[in-house]
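First up is the structure itself, then whatever we jot down about it.
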2 protein chains.
Amino acid sequence: MSMQDTTATDVDRIVTRAARASEQWKRTAIAERARVLVAVADALDAHADELIPVAQRETHLAEPRLRGELRRTSFQLRMFAEMLPEGLWLDARIDHADAEWPMGAPRPDLRRQLEPIGPTLVFAASNFPFAFSVAGGDTASALAAGNAVVLKAHHGHPDLSAATTSVVVDALAAAGAPDSLFQTIYGTEAGVQALQAPAIKAAGFTGSVRGGRALFDIANARPEPIPFYGELGSTNPAFVTRRAAEQDAAGIARDFVASVTGSAGQLCTKPGVLFVPSDSSVLAELEAQELPAAAPLLNGGIENGFRESLASARAVDGVRTVVTGADGEAPVPVLLATTAETLRAQMDTLMSEIFGPAALVVTYQDESELVEIAARLEGQLTATVIGRDDDEIAPELIAALSERAGRVLWNQWPTGVSVTWAQQHGGPYPATTAVGSTSVGMAAITRFLRPVAYQNVPESLLPDALKEANPLRIVRRVDGVVVLP
Amino acid sequence: MSMQDTTATDVDRIVTRAARASEQWKRTAIAERARVLVAVADALDAHADELIPVAQRETHLAEPRLRGELRRTSFQLRMFAEMLPEGLWLDARIDHADAEWPMGAPRPDLRRQLEPIGPTLVFAASNFPFAFSVAGGDTASALAAGNAVVLKAHHGHPDLSAATTSVVVDALAAAGAPDSLFQTIYGTEAGVQALQAPAIKAAGFTGSVRGGRALFDIANARPEPIPFYGELGSTNPAFVTRRAAEQDAAGIARDFVASVTGSAGQLCTKPGVLFVPSDSSVLAELEAQELPAAAPLLNGGIENGFRESLASARAVDGVRTVVTGADGEAPVPVLLATTAETLRAQMDTLMSEIFGPAALVVTYQDESELVEIAARLEGQLTATVIGRDDDEIAPELIAALSERAGRVLWNQWPTGVSVTWAQQHGGPYPATTAVGSTSVGMAAITRFLRPVAYQNVPESLLPDALKEANPLRIVRRVDGVVVLP
């Protein structure tokens with residue numbers, strides 16, 4: 001099976017159908033929406049044995065990793081389904097009329113909630129063929145929020161996209177969801193056309209800075225601009241304090257290499273730069289590590305990108321190779337090294353993401369250099385400190401990193417992004433184009449919602465979440481006070 | 001006193017100082033921030049008698065309106081101050097480590113809160129010299145959120161901007177706030193320069209579509225794009241159902257005229273288009289209304305804009321004048337009328353905002369036309385229905401309007417935007433450039449915050465809001481459950 005690009009006429013039809021489906025889905029009871037999400041999750045799990053081999057063939061990722069990713073994908077749908085009935089995500093607020101409101105004018109009855117933003121376009125990623133693709137994070141949160149989804153498949157895994165789409169579409173139909181609630185399109189031009197379609201009200205994207213920025217610009221240049229949630233790239237620096245390096249240089253080296261080379265380094269949160277004390281033995285321990293052998297990356301484009309960005313880093317005076325994996329035709333895993341001085345002089349080149357199995361080790365003289373470098377970082381998805389709780393530098397370093405990263409880690413490695421209530425996957429640009437949002441975890445639902453207030457609207461005409469009687473039994477803020485149901 | 005444009009050198013210095021102040025303010029205890037906001041509010045009230053005459057001279061707005069606006073401005077600061085300690089706005093989430101997490105991999109300890117976004121640039125509005133200007137809504141919410149503010153004064157009231165700035169700056173100093181926490185700049189070029197400064201991390205704006213879109217584009221074209229919260233324009237349509245018109249045509253006509261002509265029609269939420277049944281007596285009642293006499297608008301630019309957009313509407317075939325105020329040199333209040341048929345053929349022209357004392361009355365044949373027109377509306381700050389609870393059209397009409405407006409009103413008029421927990425002042429473009437946010441009410445704080453998660457960080461290094469012991473005693477979500485302190 002091989003997918004052809006979706007024609008312009010078909011994109012038009014698909015977007016029109018998405019608008020109709022979004023209307024119906026928005027009016028579908030929240031409990032019903034939850035049931036439908038679970039049905040999709042069950043279907044994905046049930047079809048794992050069909051989907052996994054297709055994914056292996058198209059992405060070269062290992063079976064256990066893909067099985068874990070699919071489990072994560074269905075888990076995510078179920079977790080959203082579980083969250084929906086509690087309703088704090090609706091941010092429901094009720095202010096009763098108050099003639100004595102101290103503003104100086106009477107307060108009218110005002111009630112506000114978050115409502116579905118409308119048909120959402122999701123651009124699938126190359127590196128997570130399940131979790132950030134057809135039925136992945138943005139799809140799950142957009143559907144949970146009450147929106148129809150148009151999914152732009154990634155060209156790197158077209159057969160898997162078609163197969164997963166078919167599982168999702170069948171499950172939605174069987175569960176009684178509105179027709180065309182979820183539809184997939186193929187081809188770059190089709191994606192751009194959909195992004196420009198007036199009926200599309202939001203977009204999510206995971207990919208490169210170049211591609212993502214171009215789409216971000218298109219979304220903003222629309223007559224009616226729409227929110228564009230793009231995750232574009234991150235170097236995910238990790239900082240090893242002096243005492244941590246003294247304590248366990250071997251363990252740090254081993255865990256860092258595992259984090260860099262897992263999934264052939266093709267993770268958004270791969271720690272791409274490691275800072276170690278120049279007089280520690282971490283660098284020597286890294287030299288002694290055995291890196292995995294050369295292995296094919298996700299696709300040819302990514303292999304080329306890897307070779308190019310690696311060559312740029314290697315071309316910098318003062319950058320040397322520490323250790324490589326066994327040679328082969330496919331890209332070879334590699335660790336480079338340089339000094340903090342060289343890095344500071346070449347921040348733009350050396351702090352650029354190398355997507356694939358490579359990382360740069362940077363030796364520093366003094367821990368104060370770490371804070372200085374942290375303050376100059378571009379936006380990051382993650383920043384990691386390997387330290388000891390009583391390290392003098394720790395408070396200042398964590399504070400500086402929290403300014404530049406969406407997630408700050410202590411003595412753990414950034415790969416492995418758990419789906420939880422408190423997860424944050426996003427950060428200042430270019431980590432994401434929307435610094436206020438996350439693409440992973442339960443807070444991700446917010447990106448596909450918009451607030452609407454109702455003034456003086458009678459009970460019978462109010463949305464359920466705002467009715468005086470609280471028929472949905474959700475958490476609300478009433479006259480300023482948080483009220484549990 | 002007349003203000004000169006801020007020089008490029010001074011803008012640089014001001015932004016640099018703002019960055020430093022923002023750092024300090026962010027680390028200032030929340031209770032302390034609240035105390036400082038109250039001090040600013042008190043100072044504004046204490047200086048009312050100095051500020052009001054300057055505002056009258058520069059804006060031509062009436063004294064009672066200006067006194068009410070100043071009261072609203074100080075009230076807003078106090079309300080944010082009151083909200084800060086409760087802490088739900090921090091959206092604090094704590095997920096404890098869980099080895100059995102059903103995702104298939106252990107869950108690490110993850111804690112997430114919203115943190116200040118960084119130095120914020122606020123563009124003051126012409127039409128609210130207090131409430132959307134120097135110490136207005138965006139300034140209040142940006143400061144409350146923990147950010148330094150650079151305020152671009154509106155050229156329409158430079159002396160008032162300088163006088164208010166001086167009150168705010170003195171109050172901040174007396175209250176012990178960080179130096180340069182709030183600074184004002186003057187001039188269009190200075191505003192653009194500040195918007196492009198790397199240290200500025202967010203911007204708020206209230207004004208015209210033309211100016212606002214240009215600034216929105218500049219914010220998005222930055223190497224690091226930043227959120228731009230622009231309120232650009234809204235026609236605020238009001239829909240009178242057949243039975244409501246029968247019941248109280250005179251009252252509707254009277255209240256509509258009051259809402260259109262208050263503050264000489266220079267309110268963002270002025271109902272600019274009124275839909276009435278063609279066979280009702282509302283139009284006749286409107287013809288019998290006495291409109292206010294001609295009066296100067298805020299400034300010459302706004303008078304020109306008013307005359308131009310009024311002329312465009314009048315030039316449409318089938319648009320006639322219903323009633324005008326007494327003639328004079330200043331712009332004359334006026335009501336125009338046309339049919340729903342003409343409107344539908346000329347939506348772009350006739351649904352454009354006429355900023356000033358004018359509105360268009362549209363006669364319809366059948367209530368179903370209202371739903372059809374509602375679905376074709378551009379984004380609106382407000383949409384109003386004057387109806388009866390059991391009007392058959394009501395549910396469908398309200399649903400359609402909630403798609404296109406940020407606030408939907410029932411039997412009240414949209415002017416008069418109360419500052420409350422549940423207020424929503426925003427809507428789809430062009431009402432705002434950021435459909436997910438509000439510029440009025442307590443939810444406005446969110447626009448100047450960004451999420452940060454901490455993974456596996458020890459208690460001593462965590463921000464207070466995320467410490468296990470909950471020293472701030474705030475509402476949090478712990479392992480998925482909302483916990484009151």
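Residues in the structure tokens are numbered from 1 in each chain, the chains being A, B, ... in the order shown, and ligands are numbered from 1 in the order shown.
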Practice task
Looking only at strand (DSSP E or B) from DSSP on the backbone, list the matching residues of range 72-273 of chain B as a PyMOL selection string.
Solution key: chain B and resi 93-95+98+107+110-116+120-123+149-152+182-185+202-206+228-231+238-240+273
For C-alpha atoms, I'd like the residues from the last selection saved as an mmCIF file, in the first residue's frame.
```cif
data_model
loop_
_atom_site.group_PDB
_atom_site.id
_atom_site.type_symbol
_atom_site.label_atom_id
_atom_site.label_comp_id
_atom_site.auth_asym_id
_atom_site.auth_seq_id
_atom_site.Cartn_x
_atom_site.Cartn_y
_atom_site.Cartn_z
ATOM 1 C CA ARG B 93 0.402 20.088 39.974
ATOM 2 C CA ILE B 94 2.290 17.441 41.882
ATOM 3 C CA ASP B 95 2.675 13.888 40.632
ATOM 4 C CA ASP B 98 4.900 5.843 40.884
ATOM 5 C CA ARG B 107 6.376 7.727 36.676
ATOM 6 C CA LEU B 110 6.962 15.638 38.465
ATOM 7 C CA ARG B 111 5.794 19.046 39.693
ATOM 8 C CA ARG B 112 4.564 21.830 37.476
ATOM 9 C CA GLN B 113 3.509 25.411 38.008
ATOM 10 C CA LEU B 114 3.014 28.561 35.983
ATOM 11 C CA GLU B 115 5.868 31.050 36.266
ATOM 12 C CA PRO B 116 6.266 34.664 35.112
ATOM 13 C CA THR B 120 6.189 42.480 29.243
ATOM 14 C CA LEU B 121 5.508 45.300 26.797
ATOM 15 C CA VAL B 122 2.062 46.900 27.060
ATOM 16 C CA PHE B 123 0.678 49.203 24.378
ATOM 17 C CA VAL B 149 6.341 46.116 32.551
ATOM 18 C CA VAL B 150 7.458 48.476 29.815
ATOM 19 C CA LEU B 151 4.483 50.641 28.902
ATOM 20 C CA LYS B 152 4.211 52.268 25.483
ATOM 21 C CA PHE B 182 7.503 49.768 35.655
ATOM 22 C CA GLN B 183 8.758 52.132 32.959
ATOM 23 C CA THR B 184 7.017 54.151 30.260
ATOM 24 C CA ILE B 185 8.207 54.849 26.731
ATOM 25 C CA ALA B 202 5.249 39.092 25.782
ATOM 26 C CA ALA B 203 3.157 42.019 24.607
ATOM 27 C CA GLY B 204 -0.366 43.316 25.137
ATOM 28 C CA PHE B 205 -2.188 45.753 22.879
ATOM 29 C CA THR B 206 -5.600 47.376 22.543
ATOM 30 C CA PHE B 228 1.171 39.067 21.279
ATOM 31 C CA TYR B 229 -2.177 39.665 22.962
ATOM 32 C CA GLY B 230 -3.871 42.194 20.721
ATOM 33 C CA GLU B 231 -7.444 43.396 20.940
ATOM 34 C CA ALA B 238 -27.129 42.552 19.000
ATOM 35 C CA PHE B 239 -30.078 40.421 17.930
ATOM 36 C CA VAL B 240 -33.648 41.261 18.938
ATOM 37 C CA VAL B 273 -25.217 46.501 14.619
#
```
Exercise for the section: Can you pull out every residue within 8 Å of Ala359 in chain B, counting only C-alpha atoms, but drop anything in the same chain fewer than 5 positions away, and send it as a list in words? Expected result: Val260, Pro271, Gly272, Val273, Leu274, Val334, Leu335, Leu336 and Ile354 of chain B
Take the residues just selected and output them with C-alpha atoms as an mmCIF file, in the first residue's frame.
```cif
data_model
loop_
_atom_site.group_PDB
_atom_site.id
_atom_site.type_symbol
_atom_site.label_atom_id
_atom_site.label_comp_id
_atom_site.auth_asym_id
_atom_site.auth_seq_id
_atom_site.Cartn_x
_atom_site.Cartn_y
_atom_site.Cartn_z
ATOM 1 C CA VAL B 260 -24.225 53.197 21.370
ATOM 2 C CA PRO B 271 -23.136 47.369 19.919
ATOM 3 C CA GLY B 272 -22.477 48.469 16.357
ATOM 4 C CA VAL B 273 -25.217 46.501 14.619
ATOM 5 C CA LEU B 274 -28.750 45.841 15.859
ATOM 6 C CA VAL B 334 -26.020 58.760 13.831
ATOM 7 C CA LEU B 335 -28.052 55.601 13.354
ATOM 8 C CA LEU B 336 -28.174 54.024 9.911
ATOM 9 C CA ILE B 354 -17.315 52.178 13.116
#
```
Please provide the set of residues having any atom within 12 Å of Trp101 in chain B, restricted to only C-alpha atoms, with same-chain residues fewer than 4 positions apart removed, written as a compact mmCIF listing (two decimals) with N, CA, C and O atoms, in the first residue's frame.
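What follows is the written file out.txt:
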```txt
# COMPACT_ATOMS: atom_id res chain seq x y z
N ARG A 71 1.71 1.54 23.59
CA ARG A 71 1.05 1.45 24.89
C ARG A 71 0.85 2.85 25.48
O ARG A 71 -0.17 3.18 26.05
N ARG A 72 1.89 3.68 25.31
CA ARG A 72 1.81 5.04 25.78
C ARG A 72 0.70 5.81 25.05
O ARG A 72 -0.01 6.63 25.64
N PHE A 75 -2.61 4.64 26.34
CA PHE A 75 -2.71 5.12 27.73
C PHE A 75 -3.13 6.58 27.78
O PHE A 75 -3.97 7.00 28.58
N MET A 79 -6.21 8.25 29.64
CA MET A 79 -6.01 9.20 30.74
C MET A 79 -6.85 10.48 30.49
O MET A 79 -7.46 11.03 31.40
N SER A 418 7.17 11.06 30.61
CA SER A 418 6.01 10.39 31.19
C SER A 418 4.73 11.19 30.92
O SER A 418 4.75 12.42 30.91
N VAL A 419 3.65 10.47 30.68
CA VAL A 419 2.34 11.12 30.51
C VAL A 419 1.68 11.19 31.87
O VAL A 419 1.29 10.15 32.43
N THR A 420 1.58 12.38 32.42
CA THR A 420 1.03 12.55 33.77
C THR A 420 0.27 13.88 33.83
O THR A 420 0.21 14.61 32.85
N ASP B 95 2.83 15.33 40.86
CA ASP B 95 2.68 13.89 40.63
C ASP B 95 3.82 13.19 41.34
O ASP B 95 4.98 13.37 40.95
N HIS B 96 3.51 12.43 42.35
CA HIS B 96 4.56 11.69 43.04
C HIS B 96 5.06 10.54 42.17
O HIS B 96 4.33 10.04 41.31
N ALA B 97 6.29 10.14 42.42
CA ALA B 97 6.84 9.01 41.68
C ALA B 97 5.93 7.79 41.87
O ALA B 97 5.36 7.60 42.95
N ALA B 105 5.82 2.51 32.01
CA ALA B 105 7.13 2.87 32.55
C ALA B 105 6.89 3.64 33.84
O ALA B 105 5.88 4.33 33.96
N PRO B 106 7.80 3.52 34.80
CA PRO B 106 7.59 4.19 36.09
C PRO B 106 7.42 5.69 35.90
O PRO B 106 8.03 6.28 35.01
N ARG B 107 6.57 6.27 36.74
CA ARG B 107 6.38 7.73 36.68
C ARG B 107 7.38 8.39 37.61
O ARG B 107 7.45 8.02 38.79
N PRO B 108 8.14 9.36 37.12
CA PRO B 108 9.05 10.07 38.03
C PRO B 108 8.26 11.09 38.85
O PRO B 108 7.09 11.35 38.56
N ASP B 109 8.88 11.65 39.85
CA ASP B 109 8.27 12.76 40.59
C ASP B 109 8.28 13.99 39.68
O ASP B 109 9.34 14.44 39.26
N ASP B 479 -1.42 14.24 42.49
CA ASP B 479 -1.69 12.93 41.91
C ASP B 479 -3.06 12.91 41.23
O ASP B 479 -3.83 11.94 41.32
```
Problem - Using only C-alpha atoms: which of B:Glu290, B:Glu63, B:Glu86, B:Glu50 has the shortest distance to chain A - result: B:Glu86
Exercise for the section: Fewer than 3 positions away in the same chain doesn't count, so skip those; otherwise give me all residues within 10 Å of Asn299 in chain A, counting only C-alpha atoms, as a PyMOL selection string. Expected result: chain A and resi 58-60+126-127+155-157+296+302-304
Any chance you could export the current selection's N, CA and C atoms as an mmCIF file, in the first residue's frame?
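Ended up saving to selection_32.cif:
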```cif
data_model
loop_
_atom_site.group_PDB
_atom_site.id
_atom_site.type_symbol
_atom_site.label_atom_id
_atom_site.label_comp_id
_atom_site.auth_asym_id
_atom_site.auth_seq_id
_atom_site.Cartn_x
_atom_site.Cartn_y
_atom_site.Cartn_z
ATOM 1 N N GLU A 58 8.927 0.748 8.466
ATOM 2 C CA GLU A 58 9.011 2.116 7.942
ATOM 3 C C GLU A 58 9.915 3.044 8.763
ATOM 4 N N THR A 59 10.229 2.688 10.012
ATOM 5 C CA THR A 59 10.994 3.624 10.859
ATOM 6 C C THR A 59 12.335 3.066 11.341
ATOM 7 N N HIS A 60 12.556 1.771 11.193
ATOM 8 C CA HIS A 60 13.777 1.119 11.708
ATOM 9 C C HIS A 60 13.894 1.199 13.214
ATOM 10 N N SER A 126 7.983 12.524 12.629
ATOM 11 C CA SER A 126 8.681 11.363 12.080
ATOM 12 C C SER A 126 9.093 10.390 13.175
ATOM 13 N N ASN A 127 9.500 10.918 14.320
ATOM 14 C CA ASN A 127 10.249 10.100 15.274
ATOM 15 C C ASN A 127 9.384 9.351 16.281
ATOM 16 N N HIS A 155 5.439 11.839 5.933
ATOM 17 C CA HIS A 155 5.820 11.090 4.735
ATOM 18 C C HIS A 155 6.758 9.924 5.070
ATOM 19 N N GLY A 156 7.319 9.934 6.268
ATOM 20 C CA GLY A 156 8.259 8.875 6.637
ATOM 21 C C GLY A 156 7.590 7.545 6.941
ATOM 22 N N HIS A 157 6.326 7.550 7.261
ATOM 23 C CA HIS A 157 5.662 6.281 7.557
ATOM 24 C C HIS A 157 4.210 6.287 7.060
ATOM 25 N N PRO A 296 20.539 2.296 10.726
ATOM 26 C CA PRO A 296 19.792 3.251 9.897
ATOM 27 C C PRO A 296 18.903 4.137 10.767
ATOM 28 N N ILE A 302 16.448 12.373 7.337
ATOM 29 C CA ILE A 302 16.984 12.538 8.686
ATOM 30 C C ILE A 302 18.450 12.131 8.728
ATOM 31 N N GLU A 303 18.808 11.098 7.981
ATOM 32 C CA GLU A 303 20.228 10.732 7.911
ATOM 33 C C GLU A 303 21.063 11.876 7.335
ATOM 34 N N ASN A 304 20.567 12.498 6.276
ATOM 35 C CA ASN A 304 21.297 13.622 5.687
ATOM 36 C C ASN A 304 21.416 14.778 6.670
#
```
Practice task
Mind checking which residues fall within 12 Å of Ala358 in chain A, counting only C-alpha atoms, ignoring those fewer than 6 positions away in the same chain, and posting them as a PyMOL selection string?
Solution key: chain A and resi 235+256-267+270-274+291-292+294+306-307+309-311+313-314+321-325+331-337+352
Only C-alpha atoms, please: the residues just picked out, written as a PDB file, in the first residue's frame.
```
ATOM      1  CA  THR A 235      19.449  20.572  22.574  1.00  0.00           C
ATOM      2  CA  PHE A 256      24.374   9.608  29.484  1.00  0.00           C
ATOM      3  CA  VAL A 257      25.372   7.310  26.636  1.00  0.00           C
ATOM      4  CA  ALA A 258      22.212   5.275  27.095  1.00  0.00           C
ATOM      5  CA  SER A 259      20.127   8.460  26.956  1.00  0.00           C
ATOM      6  CA  VAL A 260      21.957   9.782  23.881  1.00  0.00           C
ATOM      7  CA  THR A 261      21.826   6.592  21.856  1.00  0.00           C
ATOM      8  CA  GLY A 262      18.366   5.265  22.757  1.00  0.00           C
ATOM      9  CA  SER A 263      16.098   5.213  19.674  1.00  0.00           C
ATOM     10  CA  ALA A 264      19.291   6.081  17.745  1.00  0.00           C
ATOM     11  CA  GLY A 265      19.254   9.534  19.336  1.00  0.00           C
ATOM     12  CA  GLN A 266      16.067  10.457  17.565  1.00  0.00           C
ATOM     13  CA  LEU A 267      14.190  11.812  20.572  1.00  0.00           C
ATOM     14  CA  LYS A 270      17.938  13.629  23.837  1.00  0.00           C
ATOM     15  CA  PRO A 271      20.589  15.353  25.978  1.00  0.00           C
ATOM     16  CA  GLY A 272      22.706  16.834  23.198  1.00  0.00           C
ATOM     17  CA  VAL A 273      25.279  18.634  25.311  1.00  0.00           C
ATOM     18  CA  LEU A 274      26.853  17.468  28.557  1.00  0.00           C
ATOM     19  CA  LEU A 291      28.672   2.994  21.624  1.00  0.00           C
ATOM     20  CA  PRO A 292      26.091   1.048  19.610  1.00  0.00           C
ATOM     21  CA  ALA A 294      25.921   2.174  13.062  1.00  0.00           C
ATOM     22  CA  PHE A 306      22.285  14.230  10.921  1.00  0.00           C
ATOM     23  CA  ARG A 307      25.421  14.116   8.783  1.00  0.00           C
ATOM     24  CA  SER A 309      24.697  19.081  11.502  1.00  0.00           C
ATOM     25  CA  LEU A 310      27.386  16.731  12.791  1.00  0.00           C
ATOM     26  CA  ALA A 311      29.796  18.034  10.130  1.00  0.00           C
ATOM     27  CA  ALA A 313      29.907  20.861  14.777  1.00  0.00           C
ATOM     28  CA  ARG A 314      33.047  18.952  13.802  1.00  0.00           C
ATOM     29  CA  THR A 321      35.903  13.172  18.568  1.00  0.00           C
ATOM     30  CA  VAL A 322      35.803  11.282  21.861  1.00  0.00           C
ATOM     31  CA  VAL A 323      34.407   7.925  20.817  1.00  0.00           C
ATOM     32  CA  THR A 324      32.357   6.443  17.984  1.00  0.00           C
ATOM     33  CA  GLY A 325      30.340   3.311  17.409  1.00  0.00           C
ATOM     34  CA  PRO A 331      25.285   6.946  10.537  1.00  0.00           C
ATOM     35  CA  VAL A 332      27.738   6.064  13.284  1.00  0.00           C
ATOM     36  CA  PRO A 333      26.985   7.105  16.886  1.00  0.00           C
ATOM     37  CA  VAL A 334      29.528   9.604  18.111  1.00  0.00           C
ATOM     38  CA  LEU A 335      30.501  11.742  21.068  1.00  0.00           C
ATOM     39  CA  LEU A 336      32.381  14.985  20.450  1.00  0.00           C
ATOM     40  CA  ALA A 337      34.152  17.144  23.005  1.00  0.00           C
ATOM     41  CA  SER A 352      22.258  23.524  17.634  1.00  0.00           C
TER      42      SER A 352
END
```
Problem - chain A contacts to chain B at 7 Å (only C-alpha atoms) as a PyMOL selection string - result: chain A and resi 68+71-72+75+93-95+103-104+107+110-112+224+389+395+402+406-410+418+421-424+429+435-436+449-458+461+480
Practice task
List every residue of range 243-443 of chain B that DSSP, applied to the backbone of this structure, assigns to alpha helix (DSSP H), and report them as a ChimeraX atom specification.
Solution key: /B:243-261,282-287,300-314,340-345,347-350,368-376,394-404
Problem - Nearby residues (only C-alpha atoms) at most 9 Å from Ala249 in chain B, same-chain spacing under 6 positions excluded, as a PyMOL selection string - result: chain B and resi 280-286
Can you write out the residues you just picked, keeping N, CA, C and O atoms, as a PDB file, in the first residue's frame?
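What ended up in out.pdb:
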```
ATOM      1  N   SER B 280     -41.564  45.102  13.165  1.00  0.00           N
ATOM      2  CA  SER B 280     -41.715  45.573  14.551  1.00  0.00           C
ATOM      3  C   SER B 280     -41.655  47.092  14.574  1.00  0.00           C
ATOM      4  O   SER B 280     -41.361  47.732  13.575  1.00  0.00           O
ATOM      5  N   SER B 281     -41.902  47.647  15.747  1.00  0.00           N
ATOM      6  CA  SER B 281     -41.857  49.104  15.854  1.00  0.00           C
ATOM      7  C   SER B 281     -40.526  49.603  16.418  1.00  0.00           C
ATOM      8  O   SER B 281     -40.395  50.770  16.764  1.00  0.00           O
ATOM      9  N   VAL B 282     -39.529  48.719  16.519  1.00  0.00           N
ATOM     10  CA  VAL B 282     -38.243  49.156  17.093  1.00  0.00           C
ATOM     11  C   VAL B 282     -37.620  50.262  16.240  1.00  0.00           C
ATOM     12  O   VAL B 282     -37.145  51.282  16.755  1.00  0.00           O
ATOM     13  N   LEU B 283     -37.655  50.070  14.935  1.00  0.00           N
ATOM     14  CA  LEU B 283     -37.048  51.063  14.056  1.00  0.00           C
ATOM     15  C   LEU B 283     -37.738  52.421  14.221  1.00  0.00           C
ATOM     16  O   LEU B 283     -37.086  53.469  14.305  1.00  0.00           O
ATOM     17  N   ALA B 284     -39.066  52.396  14.297  1.00  0.00           N
ATOM     18  CA  ALA B 284     -39.810  53.651  14.488  1.00  0.00           C
ATOM     19  C   ALA B 284     -39.448  54.281  15.830  1.00  0.00           C
ATOM     20  O   ALA B 284     -39.291  55.507  15.934  1.00  0.00           O
ATOM     21  N   GLU B 285     -39.312  53.440  16.844  1.00  0.00           N
ATOM     22  CA  GLU B 285     -38.926  53.965  18.162  1.00  0.00           C
ATOM     23  C   GLU B 285     -37.529  54.582  18.106  1.00  0.00           C
ATOM     24  O   GLU B 285     -37.259  55.589  18.751  1.00  0.00           O
ATOM     25  N   LEU B 286     -36.666  53.965  17.329  1.00  0.00           N
ATOM     26  CA  LEU B 286     -35.305  54.506  17.208  1.00  0.00           C
ATOM     27  C   LEU B 286     -35.318  55.859  16.506  1.00  0.00           C
ATOM     28  O   LEU B 286     -34.592  56.778  16.875  1.00  0.00           O
TER      29      LEU B 286
END
```
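Remark: for Ala41 in chain B, the closest of the candidate residues B:Gly136, B:Gly305, B:Pro129, B:Pro53 is B:Gly136 (distances computed over only C-alpha atoms).
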Practice task
Quick one: pull the distance between CA of Gly137 in chain A and CA of Ser180 in chain A, Å, one decimal.
Solution key: 19.0 Å
If we count only C-alpha atoms, what is near Ala125 in chain A at a cut-off of 6 Å, once residues fewer than 5 positions away on the same chain are taken out, given as a PDB file with all heavy atoms, in the first residue's frame?
```pdb
ATOM      1  N   PHE A 132       3.304  10.642  18.625  1.00  0.00           N
ATOM      2  CA  PHE A 132       3.172  12.002  18.096  1.00  0.00           C
ATOM      3  C   PHE A 132       2.766  11.920  16.634  1.00  0.00           C
ATOM      4  O   PHE A 132       3.217  12.688  15.818  1.00  0.00           O
ATOM      5  CB  PHE A 132       4.478  12.786  18.232  1.00  0.00           C
ATOM      6  CG  PHE A 132       4.819  13.179  19.634  1.00  0.00           C
ATOM      7  CD1 PHE A 132       5.410  12.276  20.506  1.00  0.00           C
ATOM      8  CD2 PHE A 132       4.526  14.455  20.092  1.00  0.00           C
ATOM      9  CE1 PHE A 132       5.720  12.644  21.807  1.00  0.00           C
ATOM     10  CE2 PHE A 132       4.830  14.825  21.390  1.00  0.00           C
ATOM     11  CZ  PHE A 132       5.430  13.923  22.256  1.00  0.00           C
ATOM     12  N   SER A 133       1.901  10.960  16.348  1.00  0.00           N
ATOM     13  CA  SER A 133       1.499  10.774  14.960  1.00  0.00           C
ATOM     14  C   SER A 133      -0.021  10.637  14.903  1.00  0.00           C
ATOM     15  O   SER A 133      -0.723  11.337  15.635  1.00  0.00           O
ATOM     16  CB  SER A 133       2.251   9.581  14.382  1.00  0.00           C
ATOM     17  OG  SER A 133       2.185   9.578  12.989  1.00  0.00           O
ATOM     18  N   THR A 206       5.023  18.752  15.345  1.00  0.00           N
ATOM     19  CA  THR A 206       6.284  18.351  15.954  1.00  0.00           C
ATOM     20  C   THR A 206       7.255  18.061  14.832  1.00  0.00           C
ATOM     21  O   THR A 206       6.951  17.242  13.951  1.00  0.00           O
ATOM     22  CB  THR A 206       6.113  17.072  16.803  1.00  0.00           C
ATOM     23  OG1 THR A 206       5.070  17.282  17.752  1.00  0.00           O
ATOM     24  CG2 THR A 206       7.395  16.739  17.541  1.00  0.00           C
ATOM     25  N   GLY A 207       8.403  18.738  14.818  1.00  0.00           N
ATOM     26  CA  GLY A 207       9.348  18.502  13.745  1.00  0.00           C
ATOM     27  C   GLY A 207      10.522  19.448  13.810  1.00  0.00           C
ATOM     28  O   GLY A 207      10.930  19.852  14.894  1.00  0.00           O
TER      29      GLY A 207
END
```
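CA of Phe80 in chain B is positioned 27.4 Å from CA of Leu215 in chain B.
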Handout entry: Nearest-residue call for Leu66 in chain B, choices B:Phe275, B:Phe128, B:Tyr186, B:Phe355, using only C-alpha atoms
Key = B:Phe128
Completion exercise
For Ala244 in chain A, the closest of A:Gly211, A:Gly146, A:Gly191, A:Gly387 counting only C-alpha atoms is A:Gly387
Completion exercise
CA of Gly233 in chain B to CA of Met347 in chain B measures 15.4 Å
